[in-house]
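Chemist: What follows is a single structure, and I will ask about it in a moment.
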Amino acid sequence: MVEILLALLFISTLMMVTAKRVTAVIISFSHQSFILFLLTLFEAVKINSLELYIVSALILIIKAAGIPMFLRRVVRDIKVNENVGFYIPPVLSLVCVMLLSYMAYIFAGRMLHINGSTQIISFTVSLSVILAGMFMMVFRMKAITQIIGLIVIENGLFLAAVVICGGMPFFVEISIFFDLFICVIILGIFVYRINMLFTHVDVDKLTELKG
Amino acid sequence: MNYFNINLSFLSDWLTGFFIFVILLISVPSAVYSMPYMKGHYSTKKSMLNWALLIMFVLSMLLVVSVGNTIYFLVSWELMSLLSFFFVVFDYEDTESVKAGVLYIIMTHLGTACIAAAFFLLYKYTGSFDYAVIKSNISYLPAEVKNIIFVLLFAGFGTKAGIVPLHIWLPQAHPQAPGHISSIMSGVMIKTAIYGIIRFAICIFGPGPLWWGYTVMTAAAVSCLVGVIYALMEHDIKRLLAYHSVENIGIILLGVGGAMILKNMGLQFLALLSLIAGLYHLINHAVFKSLLFLCAGSVYRATGTRDMEKMGGLIKAMPWTAASFLAGSLAISAIPPFNGFVSEWLTFQSLFGGALNSAGGSRLFFSLMAAALALTGGLAAACFVKAFGITFLAAPRSTAAGKALEVPPLMKYMTALLSVFALILGLAAVPAIKIIKKAAGMILAIDTAGFNFALNNSVVSVNADKGLYVSNPYFAILFICLAGVIAAALYVFLGRSSVKVGKTWGCGYYNLDSRTEYTATAFAKPFKIALGFFLKPFRKIKKEGDSIYHIKKFEYETHTTHVFNEYGYDILMKFIMSTAKKIRRSQPGSINIYLGYIFITLLVLMLTVNMF
């Protein structure tokens, strides 16, 4: 069951990397968060912990619903074209992320020193999600994709925490959620402002800001 | 893991005592001098700031020479550097001050970095920051590490002391500070670097290998010559004095370096004499250099300029200051009965002694050092003929100089007090040497009870039966008597002739103005030609007129090349700037690329994780 969910999570990540429109990326992100919610719930049922139940509820509310809705509103309101702006075309991006996840697999094997178990696979997937988030931040032009990349990285970290050691301490978890939510709102406002000032949100055109 | 288990301990040996004495001897008169100096030229707030900084500055210097721990030494050293930096930029409205300040703070931090590196190396091998423990564990140091530490310390302290070629900040920064601070900086602050060299290179390390001493002496001789040559070419009175600081630090280090070599050769007595000469010159230079800087400050207050070419005739307006400046000039030119003579004479004696008691290369080396010192002395005298003559004699060269008035009483008393010090240190050489002998004996770990300095056939030797003691009063009395005899003879033979008062240097002609006067540039010209190989003078003449016989406009431009700046620091700076420009290309301002750097770092760490 966990393996299937992990595979779905990985697929949703790949979809995000190959998506051409910002809305598609947001939808994929929402799917990814939903799968993450299922994974956490699964873990919560397995070890029967109240804290993980609360955390999984929070994932569902904030990550799977709140943030995607907010971002979609931002995209709708700023009315720029929907293209994410590729530095690397979708197919090549897919290949790159595959290579990165292979790297993550080797790395996971080196770190955990056990072969073939679920733990290795889950660790690999979470690392791949982190690297894919990073990849999106680096190779996409729109400021919104940078925000999504950041929360994808967070998803990956969370996944790693849940599958490796049954979640982080509860208060840390809560505060991370809070941070993330605030962070996304602030970044969203920034995107508004950037758009108002420069009439675009392409970060590659912001190079004149340097001193 | 008690890395910072550091005790604040203070030293109470002769070396520390000697330096505390020197610091207070100079700082107190300078501080008193600052009261009228600041009055009316700075706001009350700035005067208060001056006092606060001044007190902290003097305290930090006292800390530098008295703490017994390398960490506290570094802290107080840095404090001293920063406080003096604040004084360099005290007139921050002046862009020149800010420029000098920036140069100063860069150079001084380079020096501090070297010193800190040396201290941490010492800690690594001896396991302590405490002087006493370092000294007892010094045998654990491998020879090559010892050498590295010595080079680092010498470069670090040399930057502060202004040893050529690390001197470039000194003639820029010292003149920009207010008069009393120039006096303390040049008189005392740079001496703390000498303290550092003595404390670490001699006290703690004991006599190092022979080449340490040779390095110190060679750098010292080069500093002497370069300092005095640049001073000769300088027409800014305070900058001229600052270059003389470079020269005199060289003379002090000739004594110190000589002591290192001679101690290594086993010539205890000569080593002691050499170090006494160095320490004596240290206190002498402190006295006469602060005297001269205070006088220069007075002149600056009176005329509003530091350019000697715009001065002249000040002896009539400000006789006190002129007399004090003359005393300082005589002292720095090593003319008896002032103090400069005693210490330079002692330095010569130790150099001659070294040459006579060694063989081969070192004999030649000591002779060369003596020759360099002799040339320095001659050039210094020439330079102060220029400095005093152009500043105080003849007719005023500008209206400002013509309107100059004597400075407030407190200022002239302080300069007079310091010239009295200079005279006392010259006349009371014997008791002074006896005291300094104790400090020198402690530094070199020589029992000085058995040593008595005596003159034997004009050569200082140990325990000579009954000779003339090293004493200036005899010389002084001799010269005074001689002068009296000559005066009497002149009076008897020539009689009194009728006196007609004309213009100074007018040779009887009535219509001369200040434009016809001898200038500082003209005075320095023979030296510029003679030392052309080093100074690389630049000269441009431009004539404009109807024909070669009728010239309406004549332009003459001349300056010398500062070889260390031009061929050393400028090239270095150009390299640094071009490298910085190349590095700047990696900062294009694109968010994606910055994120990419993080990404690449992450990937590299993942790939190489097994290596750590």
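In the structure tokens, chains take the letters A, B, ... in the order shown, each chain's residues start at 1, and ligands count up from 1 in the order shown.
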Quick one: residues within 6 Å of Phe37 of chain A, only C-alpha atoms, excluding same-chain residues fewer than 3 positions away - as a count of residues only?
Modeler: 5
Chemist: For chain A, list the residues within 12 Å of chain B, counting only C-alpha atoms, and write the list as JSON, numbers by chain.
Modeler: {"A": [86, 87, 99, 100, 101, 102, 103, 104, 105, 106, 107, 108, 109, 110, 111, 127, 128, 130, 131, 132, 133, 134, 135, 136, 137, 138, 139, 140, 141, 142, 143, 145, 146, 149, 150, 153, 202, 203, 204, 205, 206, 207, 208, 209, 210, 211]}
Chemist: Limited to N, CA and C atoms, could you put the picked residues into a file as a compact mmCIF listing (two decimals), in the first residue's frame?
Modeler:
```txt
# COMPACT_ATOMS: atom_id res chain seq x y z
N PHE A 86 10.33 27.84 -19.55
CA PHE A 86 11.32 26.78 -19.37
C PHE A 86 12.72 27.26 -19.71
N TYR A 87 13.65 26.96 -18.84
CA TYR A 87 15.06 27.05 -19.25
C TYR A 87 15.45 25.73 -19.89
N LEU A 99 17.36 11.19 -13.59
CA LEU A 99 18.76 11.01 -13.20
C LEU A 99 18.96 11.40 -11.73
N LEU A 100 18.32 12.51 -11.35
CA LEU A 100 18.46 12.97 -9.96
C LEU A 100 17.89 11.94 -9.01
N SER A 101 16.77 11.32 -9.41
CA SER A 101 16.19 10.35 -8.48
C SER A 101 17.03 9.08 -8.42
N TYR A 102 17.71 8.79 -9.53
CA TYR A 102 18.65 7.65 -9.47
C TYR A 102 19.77 7.96 -8.48
N MET A 103 20.23 9.20 -8.57
CA MET A 103 21.27 9.65 -7.64
C MET A 103 20.77 9.53 -6.20
N ALA A 104 19.54 9.94 -6.02
CA ALA A 104 18.95 9.89 -4.68
C ALA A 104 18.89 8.45 -4.19
N TYR A 105 18.61 7.54 -5.13
CA TYR A 105 18.53 6.12 -4.76
C TYR A 105 19.88 5.63 -4.25
N ILE A 106 20.94 5.97 -5.02
CA ILE A 106 22.27 5.54 -4.61
C ILE A 106 22.62 6.15 -3.25
N PHE A 107 22.29 7.41 -3.14
CA PHE A 107 22.59 8.11 -1.89
C PHE A 107 21.87 7.46 -0.72
N ALA A 108 20.57 7.13 -0.95
CA ALA A 108 19.79 6.51 0.13
C ALA A 108 20.41 5.19 0.53
N GLY A 109 20.84 4.41 -0.48
CA GLY A 109 21.48 3.14 -0.18
C GLY A 109 22.73 3.32 0.65
N ARG A 110 23.51 4.35 0.31
CA ARG A 110 24.73 4.61 1.04
C ARG A 110 24.45 5.03 2.47
N MET A 111 23.37 5.80 2.62
CA MET A 111 23.10 6.34 3.95
C MET A 111 22.52 5.28 4.89
N LEU A 127 13.77 12.13 -1.19
CA LEU A 127 14.92 12.88 -1.71
C LEU A 127 14.65 13.38 -3.12
N SER A 128 14.05 12.51 -3.93
CA SER A 128 13.75 12.91 -5.31
C SER A 128 12.80 14.09 -5.33
N ILE A 130 12.55 16.38 -3.03
CA ILE A 130 13.33 17.58 -2.64
C ILE A 130 14.13 18.09 -3.84
N LEU A 131 14.82 17.16 -4.51
CA LEU A 131 15.66 17.57 -5.64
C LEU A 131 14.82 18.13 -6.79
N ALA A 132 13.64 17.52 -7.00
CA ALA A 132 12.77 18.01 -8.07
C ALA A 132 12.28 19.42 -7.75
N GLY A 133 11.96 19.66 -6.48
CA GLY A 133 11.56 21.01 -6.07
C GLY A 133 12.65 22.02 -6.33
N MET A 134 13.84 21.63 -5.95
CA MET A 134 15.02 22.45 -6.19
C MET A 134 15.17 22.71 -7.69
N PHE A 135 15.05 21.64 -8.45
CA PHE A 135 15.19 21.71 -9.91
C PHE A 135 14.19 22.72 -10.50
N MET A 136 12.97 22.66 -10.00
CA MET A 136 11.95 23.60 -10.49
C MET A 136 12.31 25.03 -10.14
N MET A 137 12.83 25.22 -8.94
CA MET A 137 13.19 26.58 -8.54
C MET A 137 14.27 27.13 -9.45
N VAL A 138 15.21 26.26 -9.84
CA VAL A 138 16.35 26.75 -10.61
C VAL A 138 15.98 26.96 -12.07
N PHE A 139 15.20 26.03 -12.64
CA PHE A 139 15.05 26.05 -14.10
C PHE A 139 13.71 26.56 -14.60
N ARG A 140 12.96 27.25 -13.76
CA ARG A 140 11.71 27.84 -14.24
C ARG A 140 11.74 29.35 -14.03
N MET A 141 11.06 30.07 -14.97
CA MET A 141 11.21 31.52 -14.94
C MET A 141 10.22 32.22 -14.02
N LYS A 142 9.00 31.75 -13.95
CA LYS A 142 7.96 32.47 -13.23
C LYS A 142 8.18 32.42 -11.73
N ALA A 143 7.93 33.54 -11.08
CA ALA A 143 8.14 33.60 -9.64
C ALA A 143 7.25 32.61 -8.91
N THR A 145 6.45 29.64 -9.82
CA THR A 145 7.05 28.29 -9.79
C THR A 145 8.12 28.20 -8.71
N GLN A 146 8.76 29.33 -8.42
CA GLN A 146 9.72 29.31 -7.31
C GLN A 146 9.02 29.02 -5.98
N GLY A 149 8.10 25.42 -5.97
CA GLY A 149 9.31 24.62 -5.73
C GLY A 149 9.63 24.56 -4.26
N LEU A 150 9.52 25.71 -3.60
CA LEU A 150 9.84 25.75 -2.17
C LEU A 150 8.94 24.83 -1.37
N ILE A 153 9.76 21.22 -1.92
CA ILE A 153 10.90 20.81 -1.09
C ILE A 153 10.42 20.47 0.32
N ASP A 202 8.59 37.36 -14.37
CA ASP A 202 9.73 36.53 -14.78
C ASP A 202 10.95 36.91 -13.98
N VAL A 203 11.43 35.99 -13.16
CA VAL A 203 12.55 36.35 -12.31
C VAL A 203 13.83 36.58 -13.11
N ASP A 204 13.90 36.05 -14.32
CA ASP A 204 15.15 36.26 -15.07
C ASP A 204 15.28 37.69 -15.57
N LYS A 205 14.20 38.44 -15.47
CA LYS A 205 14.29 39.85 -15.89
C LYS A 205 14.53 40.78 -14.70
N LEU A 206 14.76 40.20 -13.54
CA LEU A 206 14.95 41.04 -12.34
C LEU A 206 16.42 41.30 -12.05
N THR A 207 17.29 41.03 -13.03
CA THR A 207 18.72 41.14 -12.75
C THR A 207 19.18 42.57 -12.53
N GLU A 208 18.38 43.54 -12.95
CA GLU A 208 18.83 44.94 -12.76
C GLU A 208 18.80 45.34 -11.29
N LEU A 209 18.23 44.49 -10.44
CA LEU A 209 18.13 44.88 -9.03
C LEU A 209 19.45 44.79 -8.30
N LYS A 210 20.44 44.13 -8.90
CA LYS A 210 21.68 43.92 -8.15
C LYS A 210 22.48 45.22 -8.03
N GLY A 211 23.28 45.28 -6.99
CA GLY A 211 24.03 46.51 -6.70
C GLY A 211 25.27 46.66 -7.52
```
Chemist: Using only C-alpha atoms, which protein or nucleic acid residues come within 6 Å of Glu247 of chain B? Drop anything in the same chain fewer than 5 positions from it, and give the result as a PyMOL selection string.
Modeler: chain B and resi 223-224+227-228
Chemist: Would you mind exporting C-alpha atoms of the selected residues as a PDB file, in the first residue's frame?
Modeler:
```
ATOM      1  CA  SER B 223      63.842  51.819   6.572  1.00  0.00           C
ATOM      2  CA  CYS B 224      66.424  54.344   7.775  1.00  0.00           C
ATOM      3  CA  GLY B 227      62.540  57.129   5.392  1.00  0.00           C
ATOM      4  CA  VAL B 228      65.062  59.907   5.406  1.00  0.00           C
TER       5      VAL B 228
END
```
Chemist: Give the strand (DSSP E) residues of segment 497-609 of chain B, as assigned by DSSP on the backbone, as a ChimeraX atom specification.
Modeler: /B:538-545,551-559
Chemist: Write a file of the just-selected residues containing N, CA, C and O atoms, as a PDB file, in the first residue's frame.
Modeler:
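Ended up saving to result-v2.pdb:
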```pdb
ATOM      1  N   PHE B 538      60.405  63.346 -11.697  1.00  0.00           N
ATOM      2  CA  PHE B 538      59.689  63.725 -12.909  1.00  0.00           C
ATOM      3  C   PHE B 538      59.722  65.244 -12.988  1.00  0.00           C
ATOM      4  O   PHE B 538      59.516  65.942 -12.006  1.00  0.00           O
ATOM      5  N   ARG B 539      59.991  65.769 -14.191  1.00  0.00           N
ATOM      6  CA  ARG B 539      60.116  67.212 -14.316  1.00  0.00           C
ATOM      7  C   ARG B 539      59.461  67.653 -15.609  1.00  0.00           C
ATOM      8  O   ARG B 539      59.661  67.038 -16.656  1.00  0.00           O
ATOM      9  N   LYS B 540      58.674  68.689 -15.526  1.00  0.00           N
ATOM     10  CA  LYS B 540      58.035  69.196 -16.738  1.00  0.00           C
ATOM     11  C   LYS B 540      58.119  70.711 -16.738  1.00  0.00           C
ATOM     12  O   LYS B 540      57.787  71.364 -15.751  1.00  0.00           O
ATOM     13  N   ILE B 541      58.592  71.250 -17.851  1.00  0.00           N
ATOM     14  CA  ILE B 541      58.676  72.712 -17.971  1.00  0.00           C
ATOM     15  C   ILE B 541      57.829  73.134 -19.151  1.00  0.00           C
ATOM     16  O   ILE B 541      57.889  72.538 -20.225  1.00  0.00           O
ATOM     17  N   LYS B 542      57.032  74.161 -18.947  1.00  0.00           N
ATOM     18  CA  LYS B 542      56.178  74.635 -20.041  1.00  0.00           C
ATOM     19  C   LYS B 542      56.304  76.150 -20.116  1.00  0.00           C
ATOM     20  O   LYS B 542      56.081  76.860 -19.130  1.00  0.00           O
ATOM     21  N   LYS B 543      56.723  76.613 -21.290  1.00  0.00           N
ATOM     22  CA  LYS B 543      56.871  78.056 -21.449  1.00  0.00           C
ATOM     23  C   LYS B 543      55.835  78.534 -22.453  1.00  0.00           C
ATOM     24  O   LYS B 543      55.585  77.901 -23.467  1.00  0.00           O
ATOM     25  N   GLU B 544      55.270  79.664 -22.151  1.00  0.00           N
ATOM     26  CA  GLU B 544      54.338  80.253 -23.108  1.00  0.00           C
ATOM     27  C   GLU B 544      54.715  81.703 -23.297  1.00  0.00           C
ATOM     28  O   GLU B 544      54.921  82.438 -22.337  1.00  0.00           O
ATOM     29  N   GLY B 545      54.794  82.121 -24.520  1.00  0.00           N
ATOM     30  CA  GLY B 545      55.145  83.514 -24.741  1.00  0.00           C
ATOM     31  C   GLY B 545      55.267  83.822 -26.220  1.00  0.00           C
ATOM     32  O   GLY B 545      55.102  82.934 -27.066  1.00  0.00           O
ATOM     33  N   ILE B 551      58.668  85.793 -22.267  1.00  0.00           N
ATOM     34  CA  ILE B 551      57.831  84.681 -21.796  1.00  0.00           C
ATOM     35  C   ILE B 551      56.769  85.228 -20.861  1.00  0.00           C
ATOM     36  O   ILE B 551      57.067  85.952 -19.903  1.00  0.00           O
ATOM     37  N   LYS B 552      55.546  84.904 -21.175  1.00  0.00           N
ATOM     38  CA  LYS B 552      54.442  85.413 -20.344  1.00  0.00           C
ATOM     39  C   LYS B 552      54.109  84.453 -19.209  1.00  0.00           C
ATOM     40  O   LYS B 552      53.689  84.861 -18.142  1.00  0.00           O
ATOM     41  N   LYS B 553      54.240  83.181 -19.499  1.00  0.00           N
ATOM     42  CA  LYS B 553      53.817  82.195 -18.519  1.00  0.00           C
ATOM     43  C   LYS B 553      54.859  81.093 -18.469  1.00  0.00           C
ATOM     44  O   LYS B 553      55.365  80.649 -19.500  1.00  0.00           O
ATOM     45  N   PHE B 554      55.157  80.662 -17.265  1.00  0.00           N
ATOM     46  CA  PHE B 554      56.170  79.624 -17.100  1.00  0.00           C
ATOM     47  C   PHE B 554      55.654  78.621 -16.091  1.00  0.00           C
ATOM     48  O   PHE B 554      55.304  78.979 -14.979  1.00  0.00           O
ATOM     49  N   GLU B 555      55.556  77.393 -16.543  1.00  0.00           N
ATOM     50  CA  GLU B 555      55.082  76.362 -15.614  1.00  0.00           C
ATOM     51  C   GLU B 555      56.199  75.381 -15.330  1.00  0.00           C
ATOM     52  O   GLU B 555      56.901  74.947 -16.245  1.00  0.00           O
ATOM     53  N   TYR B 556      56.326  75.033 -14.066  1.00  0.00           N
ATOM     54  CA  TYR B 556      57.352  74.067 -13.691  1.00  0.00           C
ATOM     55  C   TYR B 556      56.694  73.050 -12.777  1.00  0.00           C
ATOM     56  O   TYR B 556      56.070  73.398 -11.787  1.00  0.00           O
ATOM     57  N   GLU B 557      56.802  71.804 -13.163  1.00  0.00           N
ATOM     58  CA  GLU B 557      56.175  70.770 -12.348  1.00  0.00           C
ATOM     59  C   GLU B 557      57.205  69.706 -12.054  1.00  0.00           C
ATOM     60  O   GLU B 557      57.927  69.260 -12.941  1.00  0.00           O
ATOM     61  N   THR B 558      57.286  69.330 -10.786  1.00  0.00           N
ATOM     62  CA  THR B 558      58.229  68.276 -10.456  1.00  0.00           C
ATOM     63  C   THR B 558      57.681  67.430  -9.321  1.00  0.00           C
ATOM     64  O   THR B 558      57.027  67.937  -8.426  1.00  0.00           O
ATOM     65  N   HIS B 559      57.865  66.171  -9.432  1.00  0.00           N
ATOM     66  CA  HIS B 559      57.557  65.288  -8.301  1.00  0.00           C
ATOM     67  C   HIS B 559      58.391  64.038  -8.418  1.00  0.00           C
ATOM     68  O   HIS B 559      58.966  63.753  -9.469  1.00  0.00           O
TER      69      HIS B 559
END
```
Chemist: So which one's closest to Ala44 of chain A, A:Met98, A:Ile176, A:Val163, A:Ile185? Using only C-alpha atoms, please.
Modeler: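 Of A:Met98, A:Ile176, A:Val163, A:Ile185, the one nearest Ala44 of chain A, counting only C-alpha atoms, is A:Val163.
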Chemist: DSSP on the backbone: which residues in segment 110-211 of chain A end up as helix (DSSP H, G or I)? Give the answer as a ChimeraX atom specification.
Modeler: /A:110-112,118-139,143-165,170-198,203-205,207-209
Chemist: When you look at segment 344-355 of chain B with a cut-off of 8 Å (counting only C-alpha atoms), what residues show up, excluding the ones that are within fewer than 2 positions of it in the same chain? I need them as a ChimeraX atom specification.
Modeler: /B:251,254-255,258,262,270-271,273-274,276-278,281,334,340-342,357-359,362-367,369-370,373,459-460
Chemist: Quick one: distance from atom CA of Cys203 of chain B to atom CA of Leu444 of chain B in Å, one decimal?
Modeler: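 Atom CA of Leu444 of chain B lies at a distance of 6.7 Å from atom CA of Cys203 of chain B.
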